[in-house]
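Colleague: Pasting entry.cif below, which is mmCIF, C-alpha atoms.
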```cif
data_entry
#
loop_
_atom_site.label_atom_id
_atom_site.label_comp_id
_atom_site.auth_asym_id
_atom_site.auth_seq_id
_atom_site.Cartn_x
_atom_site.Cartn_y
_atom_site.Cartn_z
CA MET A 1 -15.66 13.96 -26.66
CA GLU A 2 -17.20 11.13 -24.74
CA LYS A 3 -18.72 11.78 -21.30
CA PHE A 4 -17.81 9.48 -18.43
CA PRO A 5 -19.74 8.69 -15.23
CA MET A 6 -18.89 10.26 -11.88
CA THR A 7 -20.65 10.25 -8.52
CA ARG A 8 -21.70 13.50 -6.85
CA ALA A 9 -19.10 12.88 -4.09
CA GLY A 10 -16.35 12.38 -6.67
CA ASN A 11 -17.38 15.53 -8.54
CA ASP A 12 -17.40 17.54 -5.29
CA ALA A 13 -13.94 16.22 -4.33
CA LEU A 14 -12.44 17.15 -7.71
CA ASN A 15 -14.04 20.61 -7.56
CA ALA A 16 -12.62 21.12 -4.05
CA GLU A 17 -9.14 20.10 -5.22
CA LEU A 18 -9.41 22.44 -8.22
CA LYS A 19 -10.49 25.33 -6.00
CA GLN A 20 -7.57 24.65 -3.61
CA LEU A 21 -5.07 24.58 -6.48
CA LYS A 22 -6.38 27.80 -8.04
CA SER A 23 -6.96 29.87 -4.91
CA VAL A 24 -4.16 28.66 -2.60
CA GLU A 25 -1.46 26.65 -4.37
CA ARG A 26 -1.14 28.73 -7.55
CA PRO A 27 -0.76 32.12 -5.75
CA ALA A 28 1.71 30.58 -3.27
CA ILE A 29 3.94 29.20 -6.00
CA ILE A 30 3.86 32.51 -7.89
CA ARG A 31 5.08 34.22 -4.72
CA ALA A 32 7.79 31.57 -4.27
CA ILE A 33 9.02 32.08 -7.85
CA ALA A 34 9.13 35.86 -7.39
CA GLU A 35 11.06 35.45 -4.15
CA ALA A 36 13.52 33.02 -5.75
CA ARG A 37 14.09 35.45 -8.63
CA GLU A 38 15.21 38.08 -6.14
CA HIS A 39 18.10 35.82 -5.12
CA GLY A 40 19.93 36.58 -8.36
CA ASP A 41 21.43 34.20 -10.95
CA LEU A 42 18.59 31.89 -12.05
CA SER A 43 20.83 29.34 -13.76
CA GLU A 44 22.18 28.09 -10.42
CA ASN A 45 19.18 28.91 -8.25
CA ALA A 46 17.77 25.62 -6.90
CA GLU A 47 14.81 27.34 -5.20
CA TYR A 48 13.77 28.90 -8.50
CA HIS A 49 14.01 25.63 -10.44
CA SER A 50 12.13 23.75 -7.73
CA ALA A 51 9.37 26.37 -7.67
CA ARG A 52 9.07 26.33 -11.48
CA GLU A 53 8.83 22.52 -11.42
CA LYS A 54 6.08 22.69 -8.79
CA GLN A 55 4.30 25.38 -10.82
CA SER A 56 4.39 23.11 -13.87
CA PHE A 57 2.87 20.26 -11.84
CA ILE A 58 0.12 22.52 -10.43
CA GLU A 59 -0.79 23.93 -13.85
CA GLY A 60 -0.88 20.42 -15.33
CA ARG A 61 -3.12 19.17 -12.52
CA ILE A 62 -5.46 22.16 -12.96
CA LYS A 63 -5.81 21.37 -16.67
CA GLU A 64 -6.37 17.69 -15.90
CA LEU A 65 -9.08 18.46 -13.34
CA GLU A 66 -10.81 21.01 -15.58
CA GLY A 67 -10.84 18.48 -18.42
CA ALA A 68 -12.20 15.70 -16.22
CA LEU A 69 -14.92 17.90 -14.74
CA SER A 70 -15.99 19.18 -18.16
CA LEU A 71 -16.51 15.61 -19.41
CA ALA A 72 -18.09 14.23 -16.23
CA GLU A 73 -21.67 13.03 -16.24
CA VAL A 74 -22.72 13.18 -12.59
CA ILE A 75 -24.91 10.23 -11.65
CA ASP A 76 -26.73 9.95 -8.32
CA PRO A 77 -26.55 6.29 -7.17
CA LYS A 78 -29.54 6.85 -4.84
CA LYS A 79 -31.78 7.01 -7.91
CA LEU A 80 -30.63 3.58 -9.14
CA SER A 81 -31.65 0.05 -8.20
CA GLY A 82 -31.52 -3.51 -9.50
CA THR A 83 -28.42 -5.36 -10.62
CA ILE A 84 -24.88 -4.10 -10.17
CA LYS A 85 -24.09 -0.99 -12.21
CA PHE A 86 -22.18 2.27 -11.84
CA GLY A 87 -22.60 3.71 -8.35
CA ALA A 88 -23.51 0.42 -6.68
CA THR A 89 -21.93 -0.42 -3.34
CA VAL A 90 -21.27 -4.15 -3.44
CA THR A 91 -20.30 -6.53 -0.65
CA LEU A 92 -18.43 -9.59 -1.89
CA VAL A 93 -17.01 -12.66 -0.22
CA ASP A 94 -13.94 -14.38 -1.64
CA GLU A 95 -15.03 -18.01 -2.05
CA ASP A 96 -11.51 -19.29 -1.27
CA THR A 97 -10.58 -17.21 1.78
CA GLU A 98 -14.09 -16.27 3.05
CA GLU A 99 -12.83 -12.67 3.27
CA GLU A 100 -15.55 -10.03 2.83
CA LYS A 101 -14.90 -6.77 1.02
CA THR A 102 -17.16 -3.85 0.17
CA TRP A 103 -16.59 -1.72 -2.94
CA GLN A 104 -18.41 1.15 -4.57
CA ILE A 105 -18.14 1.21 -8.36
CA VAL A 106 -17.12 4.74 -9.37
CA GLY A 107 -15.59 6.67 -12.26
CA GLU A 108 -11.91 6.40 -13.07
CA HIS A 109 -11.04 9.91 -11.78
CA GLU A 110 -12.45 9.21 -8.32
CA ALA A 111 -11.28 5.61 -7.84
CA ASN A 112 -9.27 4.89 -4.69
CA ILE A 113 -8.73 1.26 -3.65
CA GLU A 114 -7.77 2.21 -0.07
CA LYS A 115 -11.15 3.96 0.34
CA GLY A 116 -13.11 1.13 -1.29
CA LEU A 117 -13.78 3.09 -4.49
CA LEU A 118 -13.41 0.72 -7.44
CA ASN A 119 -12.71 2.04 -10.95
CA ILE A 120 -15.56 1.09 -13.29
CA LYS A 121 -12.94 0.08 -15.88
CA SER A 122 -11.17 -2.37 -13.54
CA PRO A 123 -11.43 -6.11 -14.25
CA LEU A 124 -13.41 -6.70 -11.03
CA ALA A 125 -15.93 -3.94 -11.73
CA ARG A 126 -16.39 -5.08 -15.34
CA ALA A 127 -17.04 -8.64 -14.10
CA LEU A 128 -19.57 -7.41 -11.53
CA ILE A 129 -21.69 -5.27 -13.87
CA GLY A 130 -25.09 -6.89 -14.41
CA LYS A 131 -24.74 -9.41 -11.58
CA ASP A 132 -27.25 -9.82 -8.75
CA GLU A 133 -27.13 -10.87 -5.10
CA GLY A 134 -26.14 -14.53 -4.76
CA ASP A 135 -24.31 -14.62 -8.12
CA SER A 136 -20.75 -15.94 -8.37
CA VAL A 137 -18.22 -13.87 -10.26
CA GLU A 138 -14.92 -15.18 -11.61
CA VAL A 139 -12.24 -12.53 -12.09
CA ARG A 140 -8.82 -12.89 -13.68
CA THR A 141 -6.35 -10.81 -11.63
CA PRO A 142 -2.57 -10.41 -11.79
CA GLY A 143 -2.40 -12.69 -8.74
CA GLY A 144 -4.47 -15.40 -10.41
CA ASP A 145 -8.14 -16.18 -10.89
CA ARG A 146 -10.47 -15.28 -8.00
CA VAL A 147 -14.09 -16.27 -7.42
CA TYR A 148 -16.40 -13.99 -5.43
CA GLU A 149 -20.01 -14.29 -4.35
CA VAL A 150 -22.15 -11.16 -4.35
CA LEU A 151 -23.61 -10.84 -0.83
CA ASN A 152 -25.24 -7.43 -1.01
CA ILE A 153 -25.95 -4.64 -3.50
CA ASN A 154 -26.75 -1.19 -2.20
CA PHE A 155 -27.29 2.15 -3.93
CA VAL A 156 -26.44 4.75 -1.30
#
```
Could you spell out this file's structure in structure tokens?

Modeller:
Amino acid sequence: MEKFPMTRAGNDALNAELKQLKSVERPAIIRAIAEAREHGDLSENAEYHSAREKQSFIEGRIKELEGALSLAEVIDPKKLSGTIKFGATVTLVDEDTEEEKTWQIVGEHEANIEKGLLNIKSPLARALIGKDEGDSVEVRTPGGDRVYEVLNINFV
């Protein structure tokens, strides 16, 4: 299987979530299922069915996290420099609206737009790869074409 890049912070966050699911969530749901079983007829027991559904979600998420972590190649952005690449924190200005935004290019399992973590597979990140400060980048988005200027590249 193919490895994929991940920052140390992203790897730590996924490991923390996995630990929480295994040591807290999983035992709690097992207790909830046992308690719901004590209420009798399982065919009409909403608590039991709800707990089993939650257990299914937790087990699926554990498998997903274990799979992601096993294929992750942890890359330390502090050891990188030069043009934009994985791990770079990039400040852009929209050439139409003059609005500045800062993004860090991260792996797909750690991406979070609200936190400024941009998926390396996104159209914007793909357009930014290899660019340098002062370069203009044209990106086709669902809302139309956008043009950004790269103001700053930082590897923190």

Colleague: Residues within 12 Å of (-12.6, -2.9, -15.6), file coordinates, counting all atoms listed in the file: what are they? Give the list as a ChimeraX atom specification.

Modeller: /A:86,105-108,111,118-129,139-141

Colleague: May I ask which of the residues A:Asn154, A:Gln104, A:Ser136, A:Thr83 is the closest one to Ala9 of chain A, counting all atoms listed in the file?

Modeller: A:Gln104

Colleague: In terms of the shortest atom-to-atom distance over all atoms listed in the file, which of A:Asn45, A:Ser70, A:Asn11, A:Thr102 is closest to Tyr148 of chain A?

Modeller: A:Thr102

Colleague: Could you expand the PyMOL selection byres ((chain A and resi 47-57) around 8) into the explicit residues it covers here, written as JSON, numbers by chain?

Modeller: {"A": [26, 29, 30, 32, 33, 36, 37, 42, 45, 46, 58, 59, 60, 61]}

Colleague: What is the distance between atom CA of Ala34 of chain A and atom CA of Lys19 of chain A, in Å to one decimal?

Modeller: 22.3 Å

Colleague: Can you give me, as a list in words, the residues this file yields under the PyMOL selection byres ((chain A and resi 84) around 7)?

Modeller: Gly82, Thr83, Lys85, Ala88, Leu128, Ile129, Gly130, Lys131, Asp132 and Ile153 of chain A

Colleague: Starting from the displayed file, determine the output of the PyMOL selection byres ((chain A and resi 8) around 12) and express the residue list as a list in words.

Modeller: Pro5, Met6, Thr7, Ala9, Gly10, Asn11, Asp12, Ala13, Leu14, Asn15, Leu69, Ala72, Glu73, Val74, Ile75, Asp76, Pro77, Lys78, Gly87, Val106, Gly107, Glu110 and Val156 of chain A

Colleague: What is the distance between atom CA of Leu92 of chain A and atom CA of Lys3 of chain A, in Å to one decimal?

Modeller: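 Atom-to-atom, atom CA of Leu92 of chain A and atom CA of Lys3 of chain A are spaced 28.9 Å apart.
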
Colleague: Closest to Ile62 of chain A among A:Asp94, A:Glu25, A:Glu99, A:Glu44, using only C-alpha atoms?

Modeller: A:Glu25

Colleague: Given 5 Å of margin on each side, can you work out the centre and size in Å (one decimal) of an axis-aligned box holding every listed atom of segment 71-80 of chain A, as AutoDock Vina command-line options?

Modeller:
```
--center_x -24.1 --center_y 9.6 --center_z -12.1 --size_x 25.3 --size_y 22.0 --size_z 24.6
```
